[in-house]
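What follows is the content of my_file16.txt (compact mmCIF, C-alpha atoms).
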# COMPACT_ATOMS: atom_id res chain seq x y z
CA MET A 20 0.00 0.00 0.00
CA THR A 21 1.30 3.43 -0.91
CA THR A 22 1.50 6.10 1.78
CA LYS A 23 0.54 9.05 -0.39
CA PRO A 24 -2.95 9.67 1.04
CA ALA A 25 -1.67 9.42 4.61
CA GLN A 26 0.71 12.32 3.97
CA ALA A 27 -2.19 14.69 3.35
CA MET A 28 -5.07 13.11 5.23
CA SER A 29 -5.72 10.49 7.86
CA LYS A 30 -7.27 7.13 7.02
CA ALA A 31 -10.54 8.33 8.57
CA GLU A 32 -10.60 11.41 6.33
CA PHE A 33 -9.74 9.30 3.29
CA ILE A 34 -12.59 6.87 4.01
CA SER A 35 -14.97 9.77 4.57
CA LEU A 36 -14.07 11.34 1.22
CA VAL A 37 -14.49 8.02 -0.61
CA ALA A 38 -17.85 7.52 1.11
CA MET A 39 -18.99 11.00 0.04
CA MET A 40 -18.01 10.28 -3.57
CA MET A 41 -19.95 7.03 -3.52
CA ALA A 42 -22.89 8.71 -1.76
CA THR A 43 -23.36 11.09 -4.69
CA ILE A 44 -25.47 8.40 -6.34
CA ALA A 45 -27.65 7.63 -3.32
CA PHE A 46 -28.19 11.31 -2.59
CA SER A 47 -29.11 12.04 -6.22
CA ILE A 48 -31.73 9.29 -6.19
CA ASP A 49 -33.17 9.19 -2.67
CA ALA A 50 -33.58 12.94 -2.23
CA MET A 51 -35.74 12.97 -5.36
CA LEU A 52 -38.28 10.47 -4.03
CA PRO A 53 -40.47 12.96 -2.09
CA ALA A 54 -40.42 15.37 -5.06
CA LEU A 55 -41.75 12.99 -7.71
CA PRO A 56 -45.48 13.60 -7.10
CA GLU A 57 -45.02 17.39 -7.23
CA ILE A 58 -42.82 17.26 -10.33
CA GLY A 59 -45.29 14.95 -12.05
CA ALA A 60 -48.23 17.19 -11.19
CA GLN A 61 -46.45 20.31 -12.45
CA LEU A 62 -44.55 19.09 -15.52
CA SER A 63 -46.56 16.03 -16.57
CA PRO A 64 -50.13 16.48 -15.27
CA ASP A 65 -51.62 14.13 -17.85
CA ASP A 66 -49.44 11.23 -16.70
CA ILE A 67 -47.77 11.88 -13.37
CA ASN A 68 -46.17 8.41 -13.41
CA GLN A 69 -43.73 9.69 -16.04
CA ALA A 70 -41.98 11.53 -13.21
CA GLN A 71 -40.47 8.18 -12.20
CA LEU A 72 -38.31 8.43 -15.32
CA ILE A 73 -36.32 11.01 -13.36
CA LEU A 74 -34.84 8.10 -11.42
CA THR A 75 -34.16 5.78 -14.34
CA SER A 76 -32.72 8.52 -16.57
CA PHE A 77 -30.15 9.33 -13.89
CA VAL A 78 -29.21 5.67 -13.48
CA LEU A 79 -28.93 5.28 -17.26
CA GLY A 80 -26.60 8.28 -17.51
CA MET A 81 -24.52 6.99 -14.64
CA GLY A 82 -24.23 3.58 -16.27
CA ILE A 83 -23.13 5.06 -19.58
CA GLY A 84 -20.65 7.35 -17.88
CA THR A 85 -18.97 4.54 -16.00
CA PHE A 86 -17.73 3.04 -19.28
CA PHE A 87 -15.48 6.07 -19.82
CA THR A 88 -14.56 7.51 -16.43
CA GLY A 89 -12.38 4.57 -15.40
CA PRO A 90 -10.22 4.51 -18.56
CA LEU A 91 -9.96 8.30 -18.46
CA SER A 92 -8.72 8.12 -14.87
CA ASP A 93 -6.20 5.44 -15.88
CA ALA A 94 -4.88 7.80 -18.58
CA PHE A 95 -5.03 11.22 -16.92
CA GLY A 96 -5.10 10.47 -13.20
CA ARG A 97 -7.87 10.06 -10.64
CA LYS A 98 -8.30 13.65 -9.46
CA PRO A 99 -8.95 15.35 -12.84
CA VAL A 100 -11.73 12.91 -13.69
CA ILE A 101 -13.39 13.40 -10.29
CA VAL A 102 -13.32 17.19 -10.61
CA VAL A 103 -14.52 17.30 -14.23
CA GLY A 104 -17.32 14.84 -13.44
CA ALA A 105 -18.39 17.01 -10.51
CA LEU A 106 -18.46 20.09 -12.77
CA VAL A 107 -20.69 18.29 -15.30
CA TYR A 108 -22.96 17.29 -12.44
CA ILE A 109 -23.13 20.85 -11.08
CA VAL A 110 -23.96 22.41 -14.48
CA SER A 111 -26.60 19.74 -15.15
CA ALA A 112 -28.20 20.37 -11.76
CA GLY A 113 -28.44 24.04 -12.73
CA VAL A 114 -30.16 23.15 -16.00
CA ALA A 115 -32.67 20.95 -14.16
CA TRP A 116 -33.33 23.74 -11.67
CA ALA A 117 -34.23 26.13 -14.52
CA SER A 118 -36.20 23.62 -16.62
CA SER A 119 -39.81 24.24 -17.60
CA SER A 120 -40.52 20.84 -19.16
CA LEU A 121 -40.18 17.26 -18.00
CA GLU A 122 -38.18 16.42 -21.13
CA LEU A 123 -35.50 18.96 -20.24
CA VAL A 124 -35.40 17.74 -16.65
CA LEU A 125 -34.91 14.17 -17.91
CA PHE A 126 -32.08 15.30 -20.19
CA ALA A 127 -30.45 17.16 -17.31
CA ARG A 128 -30.81 14.12 -15.07
CA LEU A 129 -29.17 11.99 -17.77
CA THR A 130 -26.15 14.31 -17.89
CA MET A 131 -26.13 14.51 -14.09
CA GLY A 132 -25.73 10.74 -14.14
CA LEU A 133 -22.85 11.07 -16.59
CA GLY A 134 -21.12 13.51 -14.25
CA ALA A 135 -21.83 11.48 -11.11
CA ALA A 136 -20.11 8.49 -12.71
CA GLY A 137 -16.77 10.25 -12.22
CA PRO A 138 -16.68 10.32 -8.40
CA ARG A 139 -18.52 7.00 -8.14
CA VAL A 140 -16.19 4.93 -10.34
CA VAL A 141 -12.93 6.65 -9.52
CA ALA A 142 -13.58 6.25 -5.79
CA LEU A 143 -13.48 2.47 -6.29
CA ALA A 144 -10.31 2.72 -8.37
CA ILE A 145 -8.60 4.83 -5.69
CA VAL A 146 -9.37 2.23 -3.03
CA ARG A 147 -7.96 -0.46 -5.31
CA ASP A 148 -4.87 1.69 -5.94
CA LEU A 149 -4.09 1.72 -2.24
CA TYR A 150 -5.44 -1.57 -0.87
CA SER A 151 -5.91 -5.19 -1.94
CA GLY A 152 -7.58 -8.41 -0.85
CA ARG A 153 -9.69 -8.59 2.27
CA GLU A 154 -8.26 -5.30 3.56
CA MET A 155 -9.72 -3.67 0.47
CA ALA A 156 -13.08 -5.26 1.26
CA ARG A 157 -12.81 -3.95 4.82
CA MET A 158 -12.12 -0.41 3.61
CA MET A 159 -15.05 -0.66 1.21
CA SER A 160 -17.32 -1.85 4.00
CA ILE A 161 -16.37 1.07 6.25
CA ALA A 162 -16.98 3.48 3.38
CA MET A 163 -20.33 1.80 2.72
CA MET A 164 -21.23 2.23 6.40
CA ILE A 165 -20.75 6.00 6.12
CA PHE A 166 -22.44 5.90 2.73
CA THR A 167 -25.63 4.53 4.32
CA LEU A 168 -26.05 7.72 6.36
CA VAL A 169 -26.77 9.67 3.17
CA PRO A 170 -29.85 7.69 2.07
CA ALA A 171 -30.94 7.81 5.71
CA ILE A 172 -31.23 11.61 5.63
CA ALA A 173 -31.74 12.23 1.90
CA PRO A 174 -35.56 11.79 1.74
CA MET A 175 -36.09 13.98 4.79
CA LEU A 176 -33.70 16.56 3.38
CA GLY A 177 -35.56 16.43 0.08
CA GLN A 178 -38.90 16.96 1.79
CA PHE A 179 -37.47 19.82 3.86
CA VAL A 180 -36.11 21.52 0.75
CA ILE A 181 -39.48 21.09 -0.98
CA LEU A 182 -41.20 22.87 1.92
CA ILE A 183 -38.69 25.74 1.79
CA ALA A 184 -37.94 26.16 -1.93
CA GLY A 185 -40.12 23.73 -3.86
CA TRP A 186 -38.83 20.81 -5.89
CA ARG A 187 -36.36 23.01 -7.79
CA GLY A 188 -34.43 23.66 -4.61
CA ILE A 189 -33.38 20.00 -4.51
CA PHE A 190 -31.21 20.54 -7.57
CA ALA A 191 -29.47 23.43 -5.80
CA ALA A 192 -28.72 21.03 -2.94
CA PHE A 193 -27.26 18.56 -5.42
CA ALA A 194 -24.95 21.24 -6.82
CA LEU A 195 -23.76 22.23 -3.33
CA PHE A 196 -23.01 18.59 -2.50
CA ALA A 197 -20.86 18.23 -5.64
CA ILE A 198 -19.05 21.50 -4.96
CA ILE A 199 -18.00 20.21 -1.53
CA ILE A 200 -16.67 16.97 -3.00
CA SER A 201 -14.71 18.68 -5.77
CA LEU A 202 -13.10 21.23 -3.41
CA TRP A 203 -12.28 18.52 -0.86
CA THR A 204 -10.63 16.40 -3.57
CA MET A 205 -8.63 19.25 -5.07
CA LEU A 206 -7.36 20.58 -1.75
CA ARG A 207 -6.77 17.44 0.31
CA LEU A 208 -6.26 14.32 -1.82
CA PRO A 209 -2.84 13.72 -3.40
CA GLU A 210 -3.01 12.04 -6.81
CA PRO A 211 -2.89 8.27 -6.02
CA LEU A 212 -1.97 7.11 -9.54
CA ALA A 213 1.65 7.79 -10.43
CA ILE A 214 2.38 8.97 -13.97
CA GLU A 215 4.48 5.89 -14.74
CA ASN A 216 1.49 3.65 -13.89
CA ARG A 217 -0.97 5.35 -16.23
CA ARG A 218 -2.37 3.70 -19.36
CA PRO A 219 -2.96 5.68 -22.57
CA PHE A 220 -6.59 6.19 -23.52
CA ARG A 221 -6.64 3.93 -26.56
CA VAL A 222 -9.53 1.87 -27.86
CA PRO A 223 -7.43 -1.29 -28.50
CA LEU A 224 -6.21 -1.20 -24.90
CA MET A 225 -9.79 -0.79 -23.67
CA ILE A 226 -10.96 -3.76 -25.74
CA ALA A 227 -8.05 -5.87 -24.49
CA ALA A 228 -8.88 -5.00 -20.88
CA VAL A 229 -12.55 -5.87 -21.34
CA LYS A 230 -11.61 -9.21 -22.91
CA GLU A 231 -9.34 -9.96 -19.97
CA MET A 232 -12.16 -9.31 -17.52
CA VAL A 233 -14.71 -11.33 -19.47
CA GLN A 234 -12.33 -14.29 -19.69
CA HIS A 235 -11.70 -14.36 -15.93
CA PRO A 236 -14.44 -16.59 -14.45
CA THR A 237 -14.54 -15.05 -10.96
CA VAL A 238 -14.71 -11.50 -12.34
CA ARG A 239 -17.38 -12.41 -14.87
CA LEU A 240 -19.61 -14.22 -12.36
CA SER A 241 -19.11 -11.60 -9.65
CA ILE A 242 -20.35 -8.91 -12.05
CA LEU A 243 -23.43 -11.02 -12.81
CA VAL A 244 -24.29 -11.44 -9.13
CA GLN A 245 -23.69 -7.73 -8.51
CA THR A 246 -26.11 -6.98 -11.35
CA LEU A 247 -28.79 -9.05 -9.64
CA CYS A 248 -28.14 -7.45 -6.25
CA LEU A 249 -28.38 -3.97 -7.76
CA ALA A 250 -31.57 -4.98 -9.57
CA ILE A 251 -33.02 -6.04 -6.21
CA LEU A 252 -32.05 -2.70 -4.69
CA PHE A 253 -33.35 -0.67 -7.67
CA THR A 254 -36.63 -2.61 -7.61
CA MET A 255 -37.22 -1.75 -3.97
CA ILE A 256 -36.21 1.91 -4.37
CA THR A 257 -38.38 2.39 -7.47
CA MET A 258 -41.49 0.86 -5.91
CA VAL A 259 -41.15 1.87 -2.27
CA GLN A 260 -42.77 5.32 -2.52
CA PRO A 261 -45.98 4.12 -4.25
CA ILE A 262 -46.11 1.16 -1.86
CA TYR A 263 -46.11 3.49 1.14
CA ASP A 264 -48.60 5.80 -0.59
CA ILE A 265 -51.08 3.49 -2.31
CA ILE A 266 -50.95 0.29 -0.25
CA PHE A 267 -50.36 1.68 3.24
CA ASP A 268 -51.54 5.32 2.88
CA ARG A 269 -48.39 6.67 4.55
CA ALA A 270 -47.04 9.06 1.92
CA ASP A 271 -46.60 11.91 4.42
CA SER A 272 -44.44 9.83 6.77
CA PHE A 273 -42.57 8.03 4.00
CA PRO A 274 -39.27 10.01 4.36
CA PHE A 275 -39.10 9.24 8.06
CA TRP A 276 -39.73 5.50 7.63
CA PHE A 277 -37.23 5.38 4.75
CA SER A 278 -34.62 7.07 6.92
CA LEU A 279 -35.27 4.69 9.81
CA VAL A 280 -34.87 1.69 7.52
CA ALA A 281 -31.64 3.08 6.05
CA LEU A 282 -30.17 3.65 9.51
CA MET A 283 -31.07 0.15 10.71
CA SER A 284 -29.75 -1.50 7.57
CA GLY A 285 -26.52 0.49 7.87
CA SER A 286 -25.42 -2.00 10.52
CA ALA A 287 -24.84 -4.45 7.67
CA SER A 288 -21.67 -2.65 6.66
CA VAL A 289 -20.48 -2.56 10.27
CA LEU A 290 -21.03 -6.30 10.55
CA ASN A 291 -19.35 -6.97 7.22
CA ALA A 292 -16.31 -4.86 8.08
CA SER A 293 -15.84 -6.75 11.34
CA VAL A 294 -16.07 -10.28 9.93
CA VAL A 295 -15.04 -10.16 6.26
CA VAL A 296 -11.34 -10.69 6.94
CA ARG A 297 -12.10 -13.80 8.99
CA ILE A 298 -14.98 -15.30 7.03
CA GLY A 299 -14.28 -14.16 3.47
CA MET A 300 -16.21 -12.21 0.86
CA ARG A 301 -17.75 -15.12 -1.04
CA ARG A 302 -19.27 -16.79 2.01
CA ILE A 303 -20.83 -13.57 3.27
CA VAL A 304 -22.45 -12.85 -0.11
CA THR A 305 -23.74 -16.42 -0.37
CA TRP A 306 -25.21 -16.40 3.13
CA SER A 307 -26.81 -12.99 2.59
CA LEU A 308 -28.57 -14.13 -0.59
CA ALA A 309 -29.72 -17.33 1.11
CA GLY A 310 -31.23 -15.28 3.92
CA GLN A 311 -33.02 -13.03 1.46
CA ILE A 312 -34.51 -16.06 -0.30
CA VAL A 313 -36.06 -17.19 2.98
CA LEU A 314 -37.34 -13.73 3.96
CA SER A 315 -38.78 -12.97 0.52
CA ALA A 316 -40.55 -16.33 0.45
CA VAL A 317 -42.04 -15.63 3.87
CA MET A 318 -43.14 -12.15 2.76
CA LEU A 319 -44.67 -13.56 -0.42
CA THR A 320 -46.71 -16.01 1.67
CA LEU A 321 -47.81 -13.42 4.23
CA GLU A 322 -48.81 -10.97 1.47
CA SER A 323 -51.69 -13.24 0.52
CA LEU A 324 -53.09 -13.34 4.07
CA PRO A 325 -55.74 -10.87 5.37
CA LEU A 326 -53.52 -9.25 7.97
CA PRO A 327 -54.43 -6.06 9.89
CA GLY A 328 -53.06 -2.93 8.23
CA ALA A 329 -50.58 -2.07 10.99
CA VAL A 330 -49.24 -5.62 11.07
CA ALA A 331 -48.86 -5.77 7.29
CA PHE A 332 -47.04 -2.43 7.30
CA GLY A 333 -44.69 -3.52 10.07
CA LEU A 334 -43.84 -6.71 8.21
CA PHE A 335 -43.10 -4.76 5.04
CA VAL A 336 -40.82 -2.32 6.85
CA ALA A 337 -38.94 -5.26 8.36
CA TRP A 338 -38.57 -6.89 4.95
CA GLN A 339 -37.52 -3.60 3.33
CA THR A 340 -34.83 -3.35 5.99
CA SER A 341 -33.62 -6.86 5.16
CA VAL A 342 -33.31 -5.95 1.48
CA PHE A 343 -31.19 -2.90 2.25
CA PHE A 344 -29.22 -4.98 4.78
CA MET A 345 -28.48 -7.52 2.06
CA ALA A 346 -27.17 -4.73 -0.19
CA GLY A 347 -24.77 -3.69 2.58
CA THR A 348 -23.34 -7.19 2.91
CA THR A 349 -23.08 -8.00 -0.80
CA LEU A 350 -22.27 -5.01 -3.03
CA GLY A 351 -18.97 -4.03 -1.41
CA ASN A 352 -17.79 -7.64 -1.29
CA LEU A 353 -18.79 -8.31 -4.88
CA ASN A 354 -16.94 -5.20 -6.00
CA ALA A 355 -13.86 -6.38 -4.15
CA MET A 356 -14.14 -9.89 -5.61
CA ALA A 357 -14.35 -8.55 -9.14
CA MET A 358 -11.62 -5.93 -8.67
CA GLU A 359 -9.10 -8.15 -6.88
CA PRO A 360 -7.58 -9.83 -9.99
CA MET A 361 -7.70 -6.56 -11.96
CA GLY A 362 -5.36 -4.34 -9.96
CA HIS A 363 -3.19 -3.60 -13.00
CA ILE A 364 -6.22 -2.10 -14.84
CA ALA A 365 -8.16 -0.83 -11.83
CA GLY A 366 -9.76 2.14 -13.58
CA MET A 367 -11.00 0.13 -16.54
CA ALA A 368 -12.14 -2.68 -14.26
CA ALA A 369 -14.12 -0.26 -12.08
CA SER A 370 -15.74 1.20 -15.21
CA VAL A 371 -16.78 -2.12 -16.70
CA ILE A 372 -18.04 -3.50 -13.41
CA GLY A 373 -20.01 -0.36 -12.60
CA ALA A 374 -21.41 0.12 -16.10
CA ILE A 375 -22.59 -3.42 -16.71
CA SER A 376 -24.03 -4.00 -13.25
CA THR A 377 -25.75 -0.61 -13.06
CA VAL A 378 -27.26 -0.50 -16.54
CA CYS A 379 -28.35 -4.14 -16.51
CA GLY A 380 -29.64 -3.84 -12.95
CA ALA A 381 -31.79 -0.87 -13.96
CA ILE A 382 -33.01 -2.69 -17.07
CA ILE A 383 -34.09 -5.66 -14.95
CA ALA A 384 -35.74 -3.52 -12.28
CA ALA A 385 -37.67 -1.19 -14.63
CA PRO A 386 -40.22 -3.72 -15.97
CA ILE A 387 -40.75 -5.14 -12.49
CA GLY A 388 -41.62 -1.65 -11.29
CA LEU A 389 -44.08 -1.20 -14.16
CA LEU A 390 -45.91 -4.31 -12.94
CA PHE A 391 -46.96 -2.52 -9.75
CA ASP A 392 -50.69 -3.22 -9.34
CA GLY A 393 -51.44 -1.96 -5.87
CA THR A 394 -50.15 -5.14 -4.19
CA LEU A 395 -46.79 -6.39 -2.97
CA LEU A 396 -46.81 -9.39 -5.30
CA PRO A 397 -44.57 -7.95 -8.07
CA VAL A 398 -41.85 -6.72 -5.72
CA THR A 399 -41.78 -9.80 -3.46
CA LEU A 400 -41.82 -12.29 -6.32
CA GLY A 401 -39.25 -10.33 -8.32
CA ILE A 402 -36.80 -10.08 -5.42
CA LEU A 403 -37.31 -13.74 -4.54
CA VAL A 404 -36.41 -14.87 -8.06
CA MET A 405 -33.37 -12.58 -8.31
CA SER A 406 -32.08 -13.67 -4.90
CA GLY A 407 -32.42 -17.30 -5.93
CA LEU A 408 -30.48 -16.75 -9.15
CA GLY A 409 -27.73 -14.86 -7.31
CA TYR A 410 -27.44 -17.64 -4.74
CA LEU A 411 -27.06 -20.32 -7.41
CA ILE A 412 -24.34 -18.30 -9.16
CA MET A 413 -22.45 -17.86 -5.88
CA LEU A 414 -22.47 -21.62 -5.38
CA HIS A 415 -21.05 -21.95 -8.89
CA ILE A 416 -18.32 -19.40 -8.06
CA ALA A 417 -17.28 -21.57 -5.11
CA ARG A 418 -16.87 -24.55 -7.44
CA VAL A 419 -14.93 -22.43 -9.94
CA GLU A 420 -12.56 -21.15 -7.27
CA ALA A 421 -12.02 -24.69 -6.01
CA ARG A 422 -10.91 -25.75 -9.51
CA LEU A 423 -8.59 -22.75 -9.85
CA VAL A 424 -6.73 -23.47 -6.62
CA PRO A 425 -3.75 -25.74 -7.40

Would you mind writing the file out in structure tokens?
Amino acid sequence: MTTKPAQAMSKAEFISLVAMMMATIAFSIDAMLPALPEIGAQLSPDDINQAQLILTSFVLGMGIGTFFTGPLSDAFGRKPVIVVGALVYIVSAGVAWASSSLELVLFARLTMGLGAAGPRVVALAIVRDLYSGREMARMMSIAMMIFTLVPAIAPMLGQFVILIAGWRGIFAAFALFAIIISLWTMLRLPEPLAIENRRPFRVPLMIAAVKEMVQHPTVRLSILVQTLCLAILFTMITMVQPIYDIIFDRADSFPFWFSLVALMSGSASVLNASVVVRIGMRRIVTWSLAGQIVLSAVMLTLESLPLPGAVAFGLFVAWQTSVFFMAGTTLGNLNAMAMEPMGHIAGMAASVIGAISTVCGAIIAAPIGLLFDGTLLPVTLGILVMSGLGYLIMLHIARVEARLVP
């Protein structure tokens, strides 16, 4: 491990900065949730459901952006890509703030996603620059623990901003968040990628790196499982606001319940950070998916029973917490598993992993969300199936790793 970051900042400050970079995504999505009904009513009154495209357009832009930000950071260094991405994000947030049509907001959200890909992807590459193996997974878990605080407060912050400045004020908050990250990076973080370790931005080199990743069985399968885990998370996030509103009639208290769930599920990263070195990444992911299979099956069964409203709501909140908890014990480990053999092309690896898993996860989650019919059946059945597939792939990874060990 290089000592460059320690010369300018402590390990705690470094982890906090990485967590803030990663939290750009969660903040950009979760803070929008309370604003969707108002945006739909104002910009798309004939079909307010189109406001949900504000979430998917951002995820799509982020997925596209991750293909390029990693290779660019390999060629030009980590810091320039973070700062330029933040600037794109800030300008796009300004365009969204001034928009008078839903189409322009969607375009701005798409470019916001492109900009957000910079801090999100490069943060992973920086961790891989400085750490490896289970210690890398531990660092990622600690960063994820801090990261969970942002979705815990984002919906309440979004609702507060709406009360003060309307839905447009949320985009001003996004810009301020990105300004803090860019200034923090420029002033405090030394460049972690030495000039002699940089790779020219050339298409043949990019293709060669992608081929190397695809041909590595552990990397390939880890990306597939991460795609399913992200699809599970996106499915819950996309459907959770209408579930609270339509099924349980708790739209007004939704931000508070969402925050409570995020705080409780944040303990997953604490648990993972404390045991991953001893137990191992693969086992934790496998056990987490197995647990989600059981809980989703129980929820699917209970959903068909005529339970009292308060009981049904309490069970859903508990299950929602388990889904977010699973994300905390799988995504960081799966990233580490996929990145571990790719240290020599960390930026490209982070880009490919992030792009494929994010775009495909959103593509899987979108049609499940469209199936929402006023019941919990689509979300419970969808998450059950995806958890089962992820579990089977993890068992296959164990067999693959056993064959690779001499």

Q.
Env of Met283 in chain A: 12 Å cut, atoms = all atoms listed in the file, seq-sep filter 6 positions within chain, self excluded. Answer as an MDAnalysis selection string.
A. chainID A and resid 164 167:168 170:171 276:277 289:290 336:345 347

File of the preceding selection, C-alpha atoms, as an mmCIF file, in the frame of the given file:
data_model
loop_
_atom_site.group_PDB
_atom_site.id
_atom_site.type_symbol
_atom_site.label_atom_id
_atom_site.label_comp_id
_atom_site.auth_asym_id
_atom_site.auth_seq_id
_atom_site.Cartn_x
_atom_site.Cartn_y
_atom_site.Cartn_z
ATOM 1 C CA MET A 164 -21.230 2.230 6.400
ATOM 2 C CA THR A 167 -25.630 4.530 4.320
ATOM 3 C CA LEU A 168 -26.050 7.720 6.360
ATOM 4 C CA PRO A 170 -29.850 7.690 2.070
ATOM 5 C CA ALA A 171 -30.940 7.810 5.710
ATOM 6 C CA TRP A 276 -39.730 5.500 7.630
ATOM 7 C CA PHE A 277 -37.230 5.380 4.750
ATOM 8 C CA VAL A 289 -20.480 -2.560 10.270
ATOM 9 C CA LEU A 290 -21.030 -6.300 10.550
ATOM 10 C CA VAL A 336 -40.820 -2.320 6.850
ATOM 11 C CA ALA A 337 -38.940 -5.260 8.360
ATOM 12 C CA TRP A 338 -38.570 -6.890 4.950
ATOM 13 C CA GLN A 339 -37.520 -3.600 3.330
ATOM 14 C CA THR A 340 -34.830 -3.350 5.990
ATOM 15 C CA SER A 341 -33.620 -6.860 5.160
ATOM 16 C CA VAL A 342 -33.310 -5.950 1.480
ATOM 17 C CA PHE A 343 -31.190 -2.900 2.250
ATOM 18 C CA PHE A 344 -29.220 -4.980 4.780
ATOM 19 C CA MET A 345 -28.480 -7.520 2.060
ATOM 20 C CA GLY A 347 -24.770 -3.690 2.580
#

So that all listed atoms of range 199-208 of chain A fit with 8 Å spare on each side, what axis-aligned box centre and edge lengths in Å, to one decimal, would you give as lines of an AutoDock Vina configuration file?
center_x = -12.1
center_y = 17.8
center_z = -2.7
size_x = 27.7
size_y = 22.9
size_z = 22.1

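Take the candidates A:Met131, A:Leu182, A:Met255, A:Val37 and check each one against Phe391 in chain A using only C-alpha atoms; the shortest distance goes to A:Met255.
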
For range 325-361 of chain A against range 300-307 of chain A, with a cut-off of 9 Å and counting only C-alpha atoms, what is the closest atom pair and its distance in Å to one decimal for every residue that makes the cut, ordered by chain and number, as JSON lines?
{"residue": "A:Phe344", "atom": "CA", "partner": "A:Ser307", "partner_atom": "CA", "distance": 8.6}
{"residue": "A:Met345", "atom": "CA", "partner": "A:Ser307", "partner_atom": "CA", "distance": 5.7}
{"residue": "A:Ala346", "atom": "CA", "partner": "A:Ser307", "partner_atom": "CA", "distance": 8.7}
{"residue": "A:Thr348", "atom": "CA", "partner": "A:Val304", "partner_atom": "CA", "distance": 6.5}
{"residue": "A:Thr349", "atom": "CA", "partner": "A:Val304", "partner_atom": "CA", "distance": 4.9}
{"residue": "A:Leu350", "atom": "CA", "partner": "A:Val304", "partner_atom": "CA", "distance": 8.4}
{"residue": "A:Gly351", "atom": "CA", "partner": "A:Met300", "partner_atom": "CA", "distance": 8.9}
{"residue": "A:Asn352", "atom": "CA", "partner": "A:Met300", "partner_atom": "CA", "distance": 5.3}
{"residue": "A:Leu353", "atom": "CA", "partner": "A:Met300", "partner_atom": "CA", "distance": 7.4}
{"residue": "A:Ala355", "atom": "CA", "partner": "A:Met300", "partner_atom": "CA", "distance": 8.0}
{"residue": "A:Met356", "atom": "CA", "partner": "A:Met300", "partner_atom": "CA", "distance": 7.2}

Residue subset to file, keeping C-alpha atoms, as an mmCIF file, in the coordinates of the input:
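As written to disk, again.cif reads:
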data_model
loop_
_atom_site.group_PDB
_atom_site.id
_atom_site.type_symbol
_atom_site.label_atom_id
_atom_site.label_comp_id
_atom_site.auth_asym_id
_atom_site.auth_seq_id
_atom_site.Cartn_x
_atom_site.Cartn_y
_atom_site.Cartn_z
ATOM 1 C CA PHE A 344 -29.220 -4.980 4.780
ATOM 2 C CA MET A 345 -28.480 -7.520 2.060
ATOM 3 C CA ALA A 346 -27.170 -4.730 -0.190
ATOM 4 C CA THR A 348 -23.340 -7.190 2.910
ATOM 5 C CA THR A 349 -23.080 -8.000 -0.800
ATOM 6 C CA LEU A 350 -22.270 -5.010 -3.030
ATOM 7 C CA GLY A 351 -18.970 -4.030 -1.410
ATOM 8 C CA ASN A 352 -17.790 -7.640 -1.290
ATOM 9 C CA LEU A 353 -18.790 -8.310 -4.880
ATOM 10 C CA ALA A 355 -13.860 -6.380 -4.150
ATOM 11 C CA MET A 356 -14.140 -9.890 -5.610
#

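Distances from A:Leu208, A:Ile181, A:Ile67, A:Leu243 to Asn354 in chain A were compared using only C-alpha atoms, and the smallest one belongs to A:Leu243.
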
Q | d(CA of Ile265 in chain A, CA of Leu52 in chain A) in Å | A | 14.7 Å
